[in-house]
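Enquirer: Got target20.cif for you, mmCIF, C-alpha atoms:
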```
data_final
loop_
_atom_site.label_atom_id
_atom_site.label_comp_id
_atom_site.auth_asym_id
_atom_site.auth_seq_id
_atom_site.Cartn_x
_atom_site.Cartn_y
_atom_site.Cartn_z
CA MET A 1 21.80 6.28 -1.78
CA LYS A 2 20.74 9.62 -3.27
CA LYS A 3 18.60 7.80 -5.81
CA LEU A 4 16.98 5.87 -2.99
CA LEU A 5 16.14 9.07 -1.11
CA LEU A 6 14.73 10.67 -4.25
CA ALA A 7 12.57 7.63 -5.00
CA ILE A 8 11.19 7.58 -1.47
CA MET A 9 10.49 11.31 -1.38
CA VAL A 10 8.72 11.20 -4.73
CA ALA A 11 6.79 8.09 -3.78
CA VAL A 12 5.40 9.56 -0.58
CA LEU A 13 4.90 13.05 -2.02
CA ALA A 14 7.11 14.48 0.70
CA ALA A 15 6.35 18.03 1.78
CA ALA A 16 9.14 20.57 1.92
CA ALA A 17 11.25 20.09 5.02
CA THR A 18 13.95 22.03 6.81
CA SER A 19 17.39 20.57 7.30
CA CYS A 20 18.67 19.58 10.71
CA ASP A 21 21.53 21.47 12.34
CA VAL A 22 24.83 19.77 13.06
CA SER A 23 24.10 18.92 16.70
CA LYS A 24 20.72 17.40 15.83
CA GLU A 25 22.26 15.37 13.04
CA ALA A 26 24.88 13.99 15.40
CA LYS A 27 22.23 12.93 17.91
CA ILE A 28 20.06 11.35 15.24
CA LYS A 29 23.03 9.49 13.76
CA THR A 30 23.78 8.06 17.21
CA LEU A 31 20.17 6.95 17.72
CA VAL A 32 19.95 5.38 14.28
CA GLY A 33 23.34 3.73 14.56
CA GLU A 34 22.42 2.15 17.89
CA TYR A 35 19.06 1.02 16.49
CA VAL A 36 20.66 -0.62 13.47
CA GLN A 37 23.34 -2.32 15.56
CA ASN A 38 20.67 -3.78 17.83
CA HIS A 39 19.08 -5.44 14.79
CA LEU A 40 22.23 -6.96 13.28
CA PHE A 41 23.43 -10.54 13.52
CA ILE A 42 26.92 -9.29 14.38
CA PRO A 43 26.58 -5.81 15.94
CA ASP A 44 30.33 -5.24 16.16
CA SER A 45 30.59 -5.51 12.38
CA TYR A 46 28.47 -2.37 11.90
CA ASP A 47 30.17 0.13 9.59
CA PRO A 48 28.14 3.30 8.77
CA VAL A 49 28.40 4.51 5.17
CA GLU A 50 25.94 7.36 4.64
CA PHE A 51 23.19 9.24 6.44
CA MET A 52 20.55 11.47 4.88
CA ILE A 53 18.48 13.27 7.49
CA ASP A 54 15.58 15.65 7.22
CA SER A 55 12.54 16.86 9.12
CA ALA A 56 9.37 14.78 8.87
CA PHE A 57 5.91 16.27 8.45
CA THR A 58 2.42 14.82 8.28
CA PRO A 59 0.96 13.28 6.32
CA ARG A 60 3.47 12.13 3.71
CA LEU A 61 6.25 11.32 6.15
CA ASP A 62 4.10 10.04 8.99
CA PRO A 63 4.71 6.39 9.93
CA GLU A 64 1.02 6.04 10.80
CA PHE A 65 0.19 7.15 7.27
CA TRP A 66 2.61 4.59 5.83
CA GLU A 67 1.07 1.82 7.94
CA PHE A 68 -2.40 2.91 6.86
CA MET A 69 -1.33 2.92 3.22
CA MET A 70 0.10 -0.59 3.50
CA ASP A 71 -3.27 -1.83 4.75
CA ALA A 72 -5.18 0.30 2.23
CA ARG A 73 -3.16 -1.16 -0.65
CA GLU A 74 -4.01 -4.69 0.43
CA ASP A 75 -7.69 -3.84 1.01
CA LEU A 76 -7.99 -2.08 -2.35
CA GLU A 77 -6.23 -4.88 -4.21
CA SER A 78 -8.50 -7.46 -2.55
CA ALA A 79 -11.65 -5.46 -3.31
CA GLN A 80 -10.64 -4.96 -6.95
CA SER A 81 -9.99 -8.69 -7.27
CA ASP A 82 -13.44 -9.39 -5.79
CA LEU A 83 -14.93 -6.90 -8.24
CA SER A 84 -13.33 -8.62 -11.23
CA SER A 85 -14.62 -11.99 -10.02
CA CYS A 86 -18.09 -10.56 -9.50
CA GLU A 87 -18.14 -9.01 -12.98
CA PHE A 88 -17.18 -12.40 -14.42
CA ASP A 89 -20.10 -13.99 -12.55
CA ILE A 90 -22.45 -11.31 -13.89
CA GLU A 91 -21.35 -11.98 -17.45
CA SER A 92 -21.78 -15.72 -16.91
CA ALA A 93 -25.31 -15.28 -15.52
CA GLU A 94 -26.21 -12.97 -18.42
CA ARG A 95 -24.96 -15.53 -20.94
CA ASN A 96 -27.04 -18.25 -19.30
CA MET A 97 -30.13 -16.07 -19.35
CA SER A 98 -29.53 -15.17 -22.98
CA TYR A 99 -29.15 -18.86 -23.88
CA TYR A 100 -32.50 -19.81 -22.32
CA GLU A 101 -34.22 -16.73 -23.71
CA ASP A 102 -33.14 -17.79 -27.21
CA MET A 103 -34.46 -21.31 -26.57
CA ARG A 104 -37.78 -19.89 -25.33
CA TYR A 105 -38.06 -17.77 -28.46
CA TYR A 106 -37.44 -20.67 -30.84
CA GLY A 107 -39.33 -23.47 -29.19
CA GLY A 108 -40.19 -22.87 -25.59
CA LEU A 109 -38.59 -24.16 -22.41
CA SER A 110 -39.01 -27.34 -20.50
CA SER A 111 -39.74 -27.16 -16.78
CA TYR A 112 -36.07 -27.91 -16.09
CA GLU A 113 -34.96 -25.15 -18.47
CA ARG A 114 -37.36 -22.65 -16.89
CA ARG A 115 -35.90 -23.43 -13.48
CA ALA A 116 -32.39 -22.99 -14.88
CA TYR A 117 -33.41 -19.66 -16.41
CA ASN A 118 -34.93 -18.43 -13.15
CA ARG A 119 -31.84 -19.57 -11.27
CA ALA A 120 -29.62 -17.58 -13.65
CA LYS A 121 -31.92 -14.58 -13.22
CA ASP A 122 -31.66 -14.79 -9.42
CA GLU A 123 -27.88 -15.20 -9.61
CA LEU A 124 -27.64 -12.13 -11.82
CA ALA A 125 -29.56 -10.04 -9.30
CA GLU A 126 -27.37 -11.34 -6.45
CA HIS A 127 -24.13 -10.64 -8.28
CA LYS A 128 -25.26 -7.14 -9.25
CA ALA A 129 -26.08 -6.39 -5.61
CA GLU A 130 -22.70 -7.80 -4.60
CA LYS A 131 -20.99 -5.63 -7.22
CA ALA A 132 -22.66 -2.52 -5.83
CA GLU A 133 -21.39 -3.38 -2.33
CA ILE A 134 -17.84 -3.95 -3.56
CA GLU A 135 -17.86 -0.69 -5.51
CA GLU A 136 -19.00 1.11 -2.37
CA GLU A 137 -16.17 -0.54 -0.43
CA ILE A 138 -13.65 0.66 -3.03
CA ARG A 139 -15.02 4.21 -2.82
CA ASP A 140 -14.72 4.09 0.98
CA ILE A 141 -11.08 2.96 0.80
CA LYS A 142 -10.22 5.70 -1.67
CA SER A 143 -12.07 8.27 0.42
CA GLU A 144 -10.00 7.28 3.48
CA ILE A 145 -6.81 7.66 1.46
CA LYS A 146 -7.87 11.13 0.33
CA ASP A 147 -8.69 12.11 3.90
CA TRP A 148 -5.25 11.04 5.06
CA MET A 149 -3.52 12.85 2.21
CA ASN A 150 -5.39 16.07 3.00
CA VAL A 151 -4.20 16.21 6.60
CA ASP A 152 -2.52 19.54 7.33
CA PRO A 153 1.29 19.42 7.50
CA GLU A 154 2.61 19.14 11.04
CA PHE A 155 6.17 18.59 12.24
CA ILE A 156 6.38 15.15 13.88
CA GLY A 157 10.10 14.47 14.06
CA TYR A 158 12.82 13.38 11.71
CA ILE A 159 13.48 10.85 8.97
CA ALA A 160 16.90 9.29 8.48
CA ILE A 161 17.86 7.17 5.51
CA HIS A 162 20.97 5.25 6.39
CA SER A 163 23.24 2.89 4.49
CA TYR A 164 25.82 0.71 6.19
CA ARG A 165 27.99 -2.37 5.92
CA ALA A 166 27.70 -5.31 8.29
CA LYS A 167 28.25 -9.04 8.46
CA ASN A 168 25.33 -11.39 8.03
CA ASN A 169 24.82 -14.62 9.96
CA MET A 170 27.32 -16.32 7.62
CA GLY A 171 29.99 -13.72 8.37
CA ASN A 172 29.83 -12.13 4.93
CA VAL A 173 30.02 -8.34 4.74
CA LEU A 174 26.98 -6.93 2.96
CA MET A 175 25.50 -3.50 2.31
CA GLY A 176 22.28 -2.68 4.08
CA SER A 177 19.95 0.27 4.36
CA MET A 178 17.30 1.47 6.78
CA ILE A 179 14.69 4.21 6.85
CA CYS A 180 14.20 5.39 10.43
CA PHE A 181 11.69 7.76 11.95
CA ILE A 182 12.85 9.61 15.05
CA ASP A 183 10.54 11.41 17.48
CA LYS A 184 10.60 15.22 17.59
CA ASP A 185 12.49 15.24 20.93
CA MET A 186 15.12 12.92 19.45
CA THR A 187 14.87 10.35 22.24
CA HIS A 188 14.31 7.18 20.22
CA VAL A 189 13.63 5.59 16.83
CA VAL A 190 9.86 5.39 16.51
CA THR A 191 9.88 2.82 13.73
CA ALA A 192 12.05 1.69 10.83
CA TYR A 193 11.65 0.21 7.38
CA ASP A 194 13.87 -1.86 5.15
CA PRO A 195 13.61 -0.15 1.73
CA GLU A 196 14.62 -3.40 0.04
CA SER A 197 11.75 -5.38 1.57
CA MET A 198 8.92 -6.49 -0.71
CA GLU A 199 6.37 -4.85 1.59
CA PHE A 200 8.08 -1.46 1.32
CA LYS A 201 8.51 -1.76 -2.45
CA ARG A 202 4.78 -2.47 -2.76
CA LEU A 203 4.07 0.59 -0.62
CA THR A 204 6.22 2.95 -2.69
CA ASN A 205 4.82 1.54 -5.93
CA PHE A 206 1.28 2.08 -4.61
CA MET A 207 2.06 5.67 -3.68
CA GLU A 208 3.67 6.29 -7.05
CA GLN A 209 0.56 4.96 -8.81
CA ILE A 210 -1.56 7.42 -6.84
CA ASN A 211 0.85 10.27 -7.50
CA ASP A 212 0.96 9.50 -11.24
CA GLY A 213 -2.82 9.20 -11.48
CA ASP A 214 -2.74 5.49 -12.34
CA ILE A 215 -5.02 4.98 -9.33
CA ASP A 216 -7.82 7.52 -9.51
CA LEU A 217 -9.03 8.40 -6.02
CA ASP A 218 -12.01 10.30 -7.45
CA GLU A 219 -13.60 7.34 -9.23
#
```
I need this file expressed as structure tokens, please.
Expert:
Amino acid sequence: MKKLLLAIMVAVLAAAATSCDVSKEAKIKTLVGEYVQNHLFIPDSYDPVEFMIDSAFTPRLDPEFWEFMMDAREDLESAQSDLSSCEFDIESAERNMSYYEDMRYYGGLSSYERRAYNRAKDELAEHKAEKAEIEEEIRDIKSEIKDWMNVDPEFIGYIAIHSYRAKNNMGNVLMGSMICFIDKDMTHVVTAYDPESMEFKRLTNFMEQINDGDIDLDE
């Protein structure tokens, strides 16, 4: 569980936070325990194992930031895929133009070949314009990420990372874990994440890539 907390804190670049006092921890544990039980197949089988609780500050431990980053990861991945496809099309159009230019140099072009050359030339211009638009889209996505990451730290509540045992729908006892965000007044769980879900793993990997410089936000 400690390794899980460390991985999450590193992945989201967590700002320094102050620990909760005993009474706050007890209240948060109750809220989280009730939340988890309400999402189990067999609530009565709930058996808490470990809680790790800390204060949450913007932007790194803001659920809205996490949701934004999930969307930003998908948008950036999609745009980069479009860019790769567009660059392939540019290379293809350039090869076609080069082929017909060589033919024109050695013996001239037929009317069909001239049309094919002009078509390749038009396609090249279209793909280059498309590439410029995609590159601008990528810059916009990265700029939004930078804006979010530069938000001033503000206390927004608490984060609890909780592990537990419970029975699944087959009656087998399994270990589970949940990351819960609790409002600053400690009245309810704002939202929760399963750290073992593919979506969350993609999120933490994306944040780690940014933190390690593998994704350059200044490009």
Enquirer: So what does the PyMOL selection byres ((chain A and resi 210) around 12) actually pick up in this one, as a list in words?
Expert: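 Against this file, the PyMOL selection byres ((chain A and resi 210) around 12) returns the residues Val10, Ala11, Val12, Leu13, Met69, Arg73, Lys142, Ile145, Lys146, Met149, Leu203, Thr204, Asn205, Phe206, Met207, Glu208, Gln209, Asn211, Asp212, Gly213, Asp214, Ile215, Asp216, Leu217 and Asp218 of chain A.
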Enquirer: Please list as a ChimeraX atom specification every residue within 6 Å of stretch 41-58 of chain A, counting only C-alpha atoms and excluding residues in the same chain fewer than 6 positions away.
Expert: /A:17-19,153-169
Enquirer: Please build the interface table for stretch 56-109 of chain A against stretch 115-119 of chain A with a cut-off of 8 Å, listing for each qualifying residue the nearest atom pair and the distance in Å to one decimal; count all atoms listed in the file, order rows by chain and increasing number, and write it as CSV.
Expert:
```
residue,atom,partner,partner_atom,distance
A:Asn96,CA,A:Tyr117,CA,7.1
A:Met97,CA,A:Tyr117,CA,5.7
A:Tyr100,CA,A:Tyr117,CA,6.0
A:Glu101,CA,A:Tyr117,CA,7.9
```
Enquirer: Could you write out the selected residues, including C-alpha atoms, as a PDB file, in the coordinates of the input?
Expert:
```pdb
ATOM      1  CA  ASN A  96     -27.040 -18.250 -19.300  1.00  0.00           C
ATOM      2  CA  MET A  97     -30.130 -16.070 -19.350  1.00  0.00           C
ATOM      3  CA  TYR A 100     -32.500 -19.810 -22.320  1.00  0.00           C
ATOM      4  CA  GLU A 101     -34.220 -16.730 -23.710  1.00  0.00           C
TER       5      GLU A 101
END
```
Enquirer: Looking at only C-alpha atoms, which of A:Lys128, A:Lys24, A:Lys121, A:Arg60 is the one that sits closest to A:Asp152?
Expert: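 Under the stated criterion, the closest residue is A:Arg60.
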Enquirer: Quick one, how far is atom CA of A:Asp183 from atom CA of A:Trp148?
Expert: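 Atom-to-atom, atom CA of A:Asp183 to atom CA of A:Trp148, that is 20.1 Å.
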Enquirer: Applying 8 Å and all atoms listed in the file, which residues near A:Thr191 remain after dropping the ones on its own chain fewer than 4 positions away? List them as a list in words.
Expert: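 So, after excluding close chain neighbours, the residues are Pro63, Cys180, Phe181 and Ile182 of chain A.
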Enquirer: How many Å lie between atom CA of A:Phe88 and atom CA of A:Asp140, rounded to one decimal?
Expert: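 Taking atom CA of A:Phe88 as the start and atom CA of A:Asp140 as the end point, the length is 22.7 Å.
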Enquirer: Considering all atoms listed in the file, state which residue in the set A:Ala93, A:Met70, A:Ile138, A:Leu109 is at the smallest distance from A:Lys201.
Expert: A:Met70
